[in-house]
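Shown next, in structure tokens, is the structure this report addresses.
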Amino acid sequence: IKDSINDFSKKNFESLCVLWVVFFVALFFFTKFQKAAAAKFNQKNSTMSDFSIRITGLPKDEVDESKVRKWIEEKLRETFPEKLQRPPRVEDMGKHQGDSIQARKNGYIEVFGVSLCYDYFEHWGEVDSAISCMTMRLEVEAAEQANAKIEERQSAAHLIPVHKTSASRRNITAQHIGGHDAVKSARSEACALMRKFFDGPPEKRMKTNGEAFVVFMYSDDVTHIW
């Protein structure tokens, strides 16, 4: 029995070693496959990263995104003064007419907008709470708009009113967070908090960390810059 147990243990150990090697090799090839699949997907599809870059070294006390956008666009056009070829404008004309394709004129680098990175470490509690309340409020407003559309269609089709169906109120509503007065109060509190951060005394205003994400109108601008 002792010899059988030792033999079984030896074979078990050898099998596990083989499985470990096979698994490691398979994992290596799977990693290469993932990278190749991601590169192929990126070539065929546009993502947000294709239209944006991150810039550092900006003034930390400048929080006017329109001014920052204009300044960055001017500097980029000074650095890259040439006109770039623009993709054609494609418009869906319906099932039977197909797509309408119109050529665009060549143009200079065009910055669509900037998203400043704020340094709110000292106010993280207030900011996170405001973001949570804003997300909840937007979800309530979107759900009520969707329910109103469904009710309108149900009424037009002479079906059972939406407020009487079990599926009509599956989304969150104002009643879940204290009623419409609570929603309005949350909106007012968020506005007051934003005024505190950006309209208060200069020494108490929220500043950035000197970084911003710059979003371009065309992905070709990002490719040209790099």
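Residues in the structure tokens are numbered from 1 in each chain, the chains being A, B, ... in the order shown, and ligands are numbered from 1 in the order shown.
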Each residue of range 105-134 of chain A with at least one atom at most 12 Å from range 190-205 of chain A should appear once, together with its nearest atom pair and the corresponding distance in Å (one decimal); atoms considered: only C-alpha atoms; ordering: chain, then increasing residue number; output as a Markdown table.
```
| residue | atom | partner | partner_atom | distance |
| --- | --- | --- | --- | --- |
| A:Tyr118 | CA | A:Phe197 | CA | 10.8 |
| A:Asp119 | CA | A:Arg205 | CA | 10.7 |
| A:Tyr120 | CA | A:Phe197 | CA | 9.7 |
| A:Glu122 | CA | A:Lys204 | CA | 11.0 |
| A:His123 | CA | A:Phe197 | CA | 9.5 |
| A:Gly125 | CA | A:Leu193 | CA | 12.0 |
| A:Glu126 | CA | A:Leu193 | CA | 8.2 |
| A:Val127 | CA | A:Leu193 | CA | 8.6 |
| A:Asp128 | CA | A:Ala190 | CA | 11.2 |
| A:Ser129 | CA | A:Ala190 | CA | 9.4 |
| A:Ala130 | CA | A:Ala190 | CA | 6.0 |
| A:Ile131 | CA | A:Ala190 | CA | 8.7 |
| A:Ser132 | CA | A:Ala190 | CA | 10.5 |
| A:Cys133 | CA | A:Ala190 | CA | 8.1 |
| A:Met134 | CA | A:Ala190 | CA | 7.5 |
```
Restrict the selected residues to N, CA, C and O atoms and save them as a short mmCIF file (atom, residue, chain, number, x, y, z; two decimals), in the first residue's frame.
```cif
data_model
loop_
_atom_site.label_atom_id
_atom_site.label_comp_id
_atom_site.auth_asym_id
_atom_site.auth_seq_id
_atom_site.Cartn_x
_atom_site.Cartn_y
_atom_site.Cartn_z
N TYR A 118 -9.42 68.48 -12.04
CA TYR A 118 -9.42 69.31 -10.83
C TYR A 118 -8.76 68.60 -9.66
O TYR A 118 -8.86 67.38 -9.50
N ASP A 119 -8.09 69.38 -8.84
CA ASP A 119 -7.46 68.87 -7.63
C ASP A 119 -8.42 69.14 -6.46
O ASP A 119 -8.39 70.21 -5.85
N TYR A 120 -9.26 68.17 -6.16
CA TYR A 120 -10.27 68.36 -5.12
C TYR A 120 -10.02 67.46 -3.92
O TYR A 120 -10.95 67.04 -3.21
N GLU A 122 -8.86 68.15 -1.02
CA GLU A 122 -9.33 68.74 0.24
C GLU A 122 -10.85 68.75 0.35
O GLU A 122 -11.39 68.96 1.43
N HIS A 123 -11.54 68.56 -0.78
CA HIS A 123 -13.01 68.61 -0.78
C HIS A 123 -13.60 67.31 -1.33
O HIS A 123 -14.72 67.30 -1.83
N GLY A 125 -14.90 64.68 -0.10
CA GLY A 125 -16.17 64.24 0.47
C GLY A 125 -17.35 64.98 -0.14
O GLY A 125 -18.35 64.37 -0.55
N GLU A 126 -17.23 66.30 -0.21
CA GLU A 126 -18.32 67.10 -0.79
C GLU A 126 -18.49 66.80 -2.27
O GLU A 126 -19.63 66.69 -2.76
N VAL A 127 -17.39 66.66 -2.99
CA VAL A 127 -17.47 66.42 -4.43
C VAL A 127 -18.07 65.05 -4.72
O VAL A 127 -18.95 64.91 -5.58
N ASP A 128 -17.62 64.02 -4.01
CA ASP A 128 -18.17 62.68 -4.23
C ASP A 128 -19.65 62.63 -3.90
O ASP A 128 -20.44 61.97 -4.59
N SER A 129 -20.05 63.34 -2.84
CA SER A 129 -21.47 63.38 -2.48
C SER A 129 -22.28 64.09 -3.56
O SER A 129 -23.37 63.64 -3.92
N ALA A 130 -21.73 65.20 -4.09
CA ALA A 130 -22.42 65.93 -5.15
C ALA A 130 -22.55 65.10 -6.41
O ALA A 130 -23.59 65.11 -7.08
N ILE A 131 -21.49 64.36 -6.75
CA ILE A 131 -21.53 63.50 -7.94
C ILE A 131 -22.58 62.40 -7.76
O ILE A 131 -23.34 62.09 -8.69
N SER A 132 -22.63 61.81 -6.58
CA SER A 132 -23.61 60.76 -6.31
C SER A 132 -25.03 61.30 -6.43
O SER A 132 -25.90 60.67 -7.04
N CYS A 133 -25.28 62.48 -5.83
CA CYS A 133 -26.62 63.09 -5.91
C CYS A 133 -26.97 63.46 -7.34
O CYS A 133 -28.11 63.27 -7.78
N MET A 134 -26.00 63.99 -8.09
CA MET A 134 -26.26 64.37 -9.47
C MET A 134 -26.59 63.15 -10.32
O MET A 134 -27.51 63.18 -11.14
#
```
- Task: Taking the DSSP assignment computed from this structure's backbone, write out as a VMD selection string all residues of range 32-185 of chain A that belong to strand (DSSP E).
- Result: chain A and resid 52 to 55 89 to 92 99 to 102 111 to 118
Based on the selection just made, write C-alpha atoms of those residues as a compact mmCIF listing (two decimals), in the first residue's frame.
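Below is the file result_11.txt, written as the result:
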```txt
# COMPACT_ATOMS: atom_id res chain seq x y z
CA SER A 52 -8.24 62.97 -27.28
CA ILE A 53 -4.84 63.59 -25.75
CA ARG A 54 -3.71 64.50 -22.24
CA ILE A 55 -1.81 67.74 -21.69
CA ARG A 89 -19.78 63.89 -44.14
CA VAL A 90 -22.05 60.82 -44.09
CA GLU A 91 -25.76 61.23 -43.41
CA ASP A 92 -28.32 58.44 -43.19
CA ASP A 99 -26.38 57.28 -47.21
CA SER A 100 -25.64 60.80 -48.39
CA ILE A 101 -21.88 61.40 -48.69
CA GLN A 102 -20.60 64.96 -48.99
CA VAL A 111 -10.28 71.41 -30.73
CA PHE A 112 -13.81 70.43 -29.78
CA GLY A 113 -13.41 70.92 -26.04
CA VAL A 114 -11.27 70.33 -22.97
CA SER A 115 -11.92 68.53 -19.72
CA LEU A 116 -9.87 69.99 -16.87
CA CYS A 117 -8.57 67.70 -14.15
CA TYR A 118 -9.42 69.31 -10.83
```
- Skip Tyr218 in chain A itself and residues of its chain fewer than 6 positions away, then list as a list in words all residues within 10 Å of it, counting only C-alpha atoms.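 Those residues are Asp50, Phe51, Ser52, Leu84, Arg86, Pro87, Ile109, Glu110, Val111 and Phe112 of chain A.
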- Task: Name all residues at most 12 Å from Lys67 in chain A (count only C-alpha atoms; drop same-chain ones fewer than 2 positions away) and give them as a list in words.
- Result: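 Non-adjacent residues within range: Leu58, Pro59, Glu62, Val63, Asp64, Glu65, Arg69, Lys70, Trp71, Ile72, Glu73, Glu74, Val111, Gly113, Val114, Ser115 and Leu116 of chain A.
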- Kindly indicate which residue among A:Lys75, A:Lys60, A:Lys95, A:Arg137 lies nearest to Lys207 in chain A, using only C-alpha atoms for the distances.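 Of all the options, A:Lys60 lies closest to Lys207 in chain A.
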- Query: Which one is closest to His224 in chain A: A:Val68, A:Leu76, A:Ala103, A:Ala212? Count only C-alpha atoms.
  - Reply: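 Distance minimum relative to His224 in chain A lands on A:Leu76.
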